[in-house]
Amino acid sequence: MIETTLTTTAHRSASERIAAVLRAAILAGEHPPGSWIRQADVAAKYGASRLPVREALRMLESEGLTEYHPHQGARVPLLSLHEVDVAYQMRERLEPLALSESLAGLTSADLAALKDLQRRIELDDELRNFIELDREFHLLTYSHCAIDHLMTTVNRLWNSTQPYRRLYVSSIAKSALWITHAEHRLLIEALERRDPFDGERVLGGHIRRTRTALISRPDLFTGL
């Protein structure tokens with residue numbers, strides 16, 4: 001019984017370790033949309049059996065980072081322009097709600113962290129870290145939302161659309177992000193005033209503007 005428990009714990013630990021490495025690689029764009037992640041390759045690379053690899057891929061599937069295809073395996077989701085459009089429309093509706101649910105719990109330390117993140121975003125001259133910093137900024141604003149179903153969906157939407165945000169940001173000049181910076185600052189100001197109405201309004205418009213800019217570039221989806 002003890003041996004079985006230890007084996008199960010070891011497999012879970014290996015699964016979480018492999019999932020963490022794959023999660024970071026997918027979010028960093030190392031596995032682009034449509035790329036296959038083969039169990040045998042992952043097992044060989046990390047010196048693990050297929051069981052923890054399979055469980056790691058299930059974890060990532062629940063997060064929207066991979067999808068399973070019978071008889072083929074797991075791959076990073078490949079979305080059409082229309083699917084990305086719909087995902088962003090879902091974000092427009094759900095994230096303002098997550099923001100309102102989180103607002104009361106945001107501390108002065110959280111607000112200071114948001115200001116620091118925005119400062120780092122604006123200083124990122126070559127946009128090397130924009131995707132990661134922008135993600136950290138927005139998810140921090142939702143970090144005190146206690147509605148698990150809502151946050152699970154929000155996180156899945158962020159995960160599945162991140163490769164397309166990366167493609168878009170890599171195609172524009174830094175100067176084009178001036179409006180993003182202005183919207184972030186307006187959002188912080190609304191959060192400091194504990195104003196859910198202004199916060200929701202600014203955030204909804206921010207997501208909507210990004211959506212329209214992204215779907216105006218169908219060329220970004222060719223070849224994926």
# chains A, B, ... in the order shown; residues from 1 in each chain; ligands from 1
>>> closest_atom_pairs(of="stretch 125-152 of chain A", to="stretch 93-113 of chain A", cutoff="6 Å", atoms="only C-alpha atoms", output="JSON lines")
{"residue": "A:Tyr142", "atom": "CA", "partner": "A:Leu99", "partner_atom": "CA", "distance": 5.2}
{"residue": "A:His144", "atom": "CA", "partner": "A:Ser102", "partner_atom": "CA", "distance": 4.3}
{"residue": "A:Cys145", "atom": "CA", "partner": "A:Ser102", "partner_atom": "CA", "distance": 4.1}
>>> write_last_selection(atoms="all heavy atoms", output="mmCIF file, in the first residue's frame")
data_model
loop_
_atom_site.group_PDB
_atom_site.id
_atom_site.type_symbol
_atom_site.label_atom_id
_atom_site.label_comp_id
_atom_site.auth_asym_id
_atom_site.auth_seq_id
_atom_site.Cartn_x
_atom_site.Cartn_y
_atom_site.Cartn_z
ATOM 1 N N TYR A 142 -7.455 40.124 -11.886
ATOM 2 C CA TYR A 142 -8.520 39.139 -11.623
ATOM 3 C C TYR A 142 -8.169 38.198 -10.471
ATOM 4 O O TYR A 142 -8.931 37.281 -10.169
ATOM 5 C CB TYR A 142 -8.769 38.262 -12.862
ATOM 6 C CG TYR A 142 -8.892 38.998 -14.173
ATOM 7 C CD1 TYR A 142 -8.352 38.464 -15.345
ATOM 8 C CD2 TYR A 142 -9.544 40.216 -14.265
ATOM 9 C CE1 TYR A 142 -8.461 39.130 -16.552
ATOM 10 C CE2 TYR A 142 -9.647 40.892 -15.464
ATOM 11 C CZ TYR A 142 -9.095 40.345 -16.605
ATOM 12 O OH TYR A 142 -9.196 41.010 -17.802
ATOM 13 N N HIS A 144 -8.199 38.064 -7.345
ATOM 14 C CA HIS A 144 -9.034 37.885 -6.151
ATOM 15 C C HIS A 144 -10.463 37.476 -6.509
ATOM 16 O O HIS A 144 -11.338 37.510 -5.639
ATOM 17 C CB HIS A 144 -9.028 39.151 -5.307
ATOM 18 C CG HIS A 144 -7.683 39.463 -4.723
ATOM 19 N ND1 HIS A 144 -7.190 38.855 -3.588
ATOM 20 C CD2 HIS A 144 -6.691 40.292 -5.155
ATOM 21 C CE1 HIS A 144 -5.975 39.305 -3.327
ATOM 22 N NE2 HIS A 144 -5.653 40.186 -4.273
ATOM 23 N N CYS A 145 -10.682 37.110 -7.753
ATOM 24 C CA CYS A 145 -11.990 36.571 -8.140
ATOM 25 C C CYS A 145 -12.092 35.142 -7.623
ATOM 26 O O CYS A 145 -11.264 34.290 -7.962
ATOM 27 C CB CYS A 145 -12.144 36.596 -9.662
ATOM 28 S SG CYS A 145 -13.676 35.800 -10.236
#
>>> closest_residue(among="A:Ala19, A:Leu187, A:Ala182, A:Ala176", to="A:Phe137", atoms="only C-alpha atoms")
A:Leu187
>>> closest_atom_pairs(of="stretch 68-111 of chain A", to="stretch 44-62 of chain A", cutoff="12 Å", atoms="only C-alpha atoms", output="CSV")
residue,atom,partner,partner_atom,distance
A:Tyr68,CA,A:Glu61,CA,7.4
A:His69,CA,A:Glu61,CA,11.1
A:Gly73,CA,A:Leu57,CA,9.6
A:Ala74,CA,A:Leu57,CA,7.3
A:Arg75,CA,A:Glu61,CA,9.3
A:Val76,CA,A:Glu61,CA,9.1
A:Pro77,CA,A:Glu61,CA,9.5
>>> closest_residue(among="A:Gly64, A:Leu117, A:Leu140, A:Leu191", to="A:Asn155", atoms="only C-alpha atoms")
A:Gly64
>>> select_by_dssp(residues="stretch 23-219 of chain A", states="strand (DSSP E or B)", output="list in words")
Trp36, Ile37, Glu67, Tyr68, His69, Gly73, Ala74 and Arg75 of chain A
>>> write_last_selection(atoms="all heavy atoms", output="PDB file, in the first residue's frame")
ATOM      1  N   TRP A  36       2.367  19.264 -33.136  1.00  0.00           N
ATOM      2  CA  TRP A  36       2.072  18.050 -32.381  1.00  0.00           C
ATOM      3  C   TRP A  36       3.071  17.872 -31.249  1.00  0.00           C
ATOM      4  O   TRP A  36       4.260  18.173 -31.391  1.00  0.00           O
ATOM      5  CB  TRP A  36       2.102  16.831 -33.294  1.00  0.00           C
ATOM      6  CG  TRP A  36       0.992  16.846 -34.300  1.00  0.00           C
ATOM      7  CD1 TRP A  36       1.051  17.303 -35.580  1.00  0.00           C
ATOM      8  CD2 TRP A  36      -0.350  16.404 -34.082  1.00  0.00           C
ATOM      9  NE1 TRP A  36      -0.181  17.187 -36.188  1.00  0.00           N
ATOM     10  CE2 TRP A  36      -1.059  16.631 -35.297  1.00  0.00           C
ATOM     11  CE3 TRP A  36      -1.023  15.847 -32.995  1.00  0.00           C
ATOM     12  CZ2 TRP A  36      -2.400  16.316 -35.437  1.00  0.00           C
ATOM     13  CZ3 TRP A  36      -2.369  15.540 -33.137  1.00  0.00           C
ATOM     14  CH2 TRP A  36      -3.044  15.762 -34.341  1.00  0.00           C
ATOM     15  N   ILE A  37       2.586  17.378 -30.123  1.00  0.00           N
ATOM     16  CA  ILE A  37       3.446  17.062 -28.978  1.00  0.00           C
ATOM     17  C   ILE A  37       3.334  15.560 -28.752  1.00  0.00           C
ATOM     18  O   ILE A  37       2.320  15.062 -28.252  1.00  0.00           O
ATOM     19  CB  ILE A  37       3.014  17.846 -27.726  1.00  0.00           C
ATOM     20  CG1 ILE A  37       3.099  19.354 -28.010  1.00  0.00           C
ATOM     21  CG2 ILE A  37       3.888  17.481 -26.534  1.00  0.00           C
ATOM     22  CD1 ILE A  37       2.660  20.232 -26.856  1.00  0.00           C
ATOM     23  N   GLU A  67      -4.899  19.936 -27.233  1.00  0.00           N
ATOM     24  CA  GLU A  67      -6.146  19.237 -27.530  1.00  0.00           C
ATOM     25  C   GLU A  67      -5.807  17.838 -27.995  1.00  0.00           C
ATOM     26  O   GLU A  67      -4.778  17.623 -28.657  1.00  0.00           O
ATOM     27  CB  GLU A  67      -6.948  19.986 -28.603  1.00  0.00           C
ATOM     28  CG  GLU A  67      -6.197  20.200 -29.902  1.00  0.00           C
ATOM     29  CD  GLU A  67      -6.944  21.075 -30.891  1.00  0.00           C
ATOM     30  OE1 GLU A  67      -7.908  21.745 -30.482  1.00  0.00           O
ATOM     31  OE2 GLU A  67      -6.554  21.101 -32.073  1.00  0.00           O
ATOM     32  N   TYR A  68      -6.641  16.882 -27.629  1.00  0.00           N
ATOM     33  CA  TYR A  68      -6.362  15.483 -27.956  1.00  0.00           C
ATOM     34  C   TYR A  68      -7.120  15.064 -29.204  1.00  0.00           C
ATOM     35  O   TYR A  68      -8.311  15.353 -29.347  1.00  0.00           O
ATOM     36  CB  TYR A  68      -6.766  14.575 -26.794  1.00  0.00           C
ATOM     37  CG  TYR A  68      -6.587  13.107 -27.104  1.00  0.00           C
ATOM     38  CD1 TYR A  68      -5.311  12.553 -27.185  1.00  0.00           C
ATOM     39  CD2 TYR A  68      -7.692  12.288 -27.337  1.00  0.00           C
ATOM     40  CE1 TYR A  68      -5.140  11.212 -27.488  1.00  0.00           C
ATOM     41  CE2 TYR A  68      -7.525  10.947 -27.636  1.00  0.00           C
ATOM     42  CZ  TYR A  68      -6.244  10.410 -27.718  1.00  0.00           C
ATOM     43  OH  TYR A  68      -6.082   9.091 -28.024  1.00  0.00           O
ATOM     44  N   HIS A  69      -6.417  14.400 -30.113  1.00  0.00           N
ATOM     45  CA  HIS A  69      -7.021  13.865 -31.320  1.00  0.00           C
ATOM     46  C   HIS A  69      -6.843  12.347 -31.325  1.00  0.00           C
ATOM     47  O   HIS A  69      -5.699  11.871 -31.292  1.00  0.00           O
ATOM     48  CB  HIS A  69      -6.366  14.471 -32.576  1.00  0.00           C
ATOM     49  CG  HIS A  69      -6.660  15.919 -32.758  1.00  0.00           C
ATOM     50  ND1 HIS A  69      -7.595  16.387 -33.649  1.00  0.00           N
ATOM     51  CD2 HIS A  69      -6.156  17.021 -32.137  1.00  0.00           C
ATOM     52  CE1 HIS A  69      -7.651  17.704 -33.587  1.00  0.00           C
ATOM     53  NE2 HIS A  69      -6.788  18.110 -32.669  1.00  0.00           N
ATOM     54  N   GLY A  73      -2.845  11.925 -31.215  1.00  0.00           N
ATOM     55  CA  GLY A  73      -2.149  12.456 -30.061  1.00  0.00           C
ATOM     56  C   GLY A  73      -2.568  13.870 -29.718  1.00  0.00           C
ATOM     57  O   GLY A  73      -3.675  14.298 -30.028  1.00  0.00           O
ATOM     58  N   ALA A  74      -1.660  14.588 -29.084  1.00  0.00           N
ATOM     59  CA  ALA A  74      -1.954  15.943 -28.596  1.00  0.00           C
ATOM     60  C   ALA A  74      -1.276  16.978 -29.476  1.00  0.00           C
ATOM     61  O   ALA A  74      -0.160  16.776 -29.963  1.00  0.00           O
ATOM     62  CB  ALA A  74      -1.475  16.092 -27.153  1.00  0.00           C
ATOM     63  N   ARG A  75      -1.952  18.084 -29.664  1.00  0.00           N
ATOM     64  CA  ARG A  75      -1.335  19.194 -30.388  1.00  0.00           C
ATOM     65  C   ARG A  75      -1.769  20.510 -29.782  1.00  0.00           C
ATOM     66  O   ARG A  75      -2.778  20.588 -29.057  1.00  0.00           O
ATOM     67  CB  ARG A  75      -1.691  19.154 -31.873  1.00  0.00           C
ATOM     68  CG  ARG A  75      -3.097  19.584 -32.200  1.00  0.00           C
ATOM     69  CD  ARG A  75      -3.280  19.766 -33.703  1.00  0.00           C
ATOM     70  NE  ARG A  75      -4.598  20.322 -34.016  1.00  0.00           N
ATOM     71  CZ  ARG A  75      -4.989  20.687 -35.229  1.00  0.00           C
ATOM     72  NH1 ARG A  75      -4.166  20.533 -36.260  1.00  0.00           N
ATOM     73  NH2 ARG A  75      -6.188  21.195 -35.438  1.00  0.00           N
TER      74      ARG A  75
END
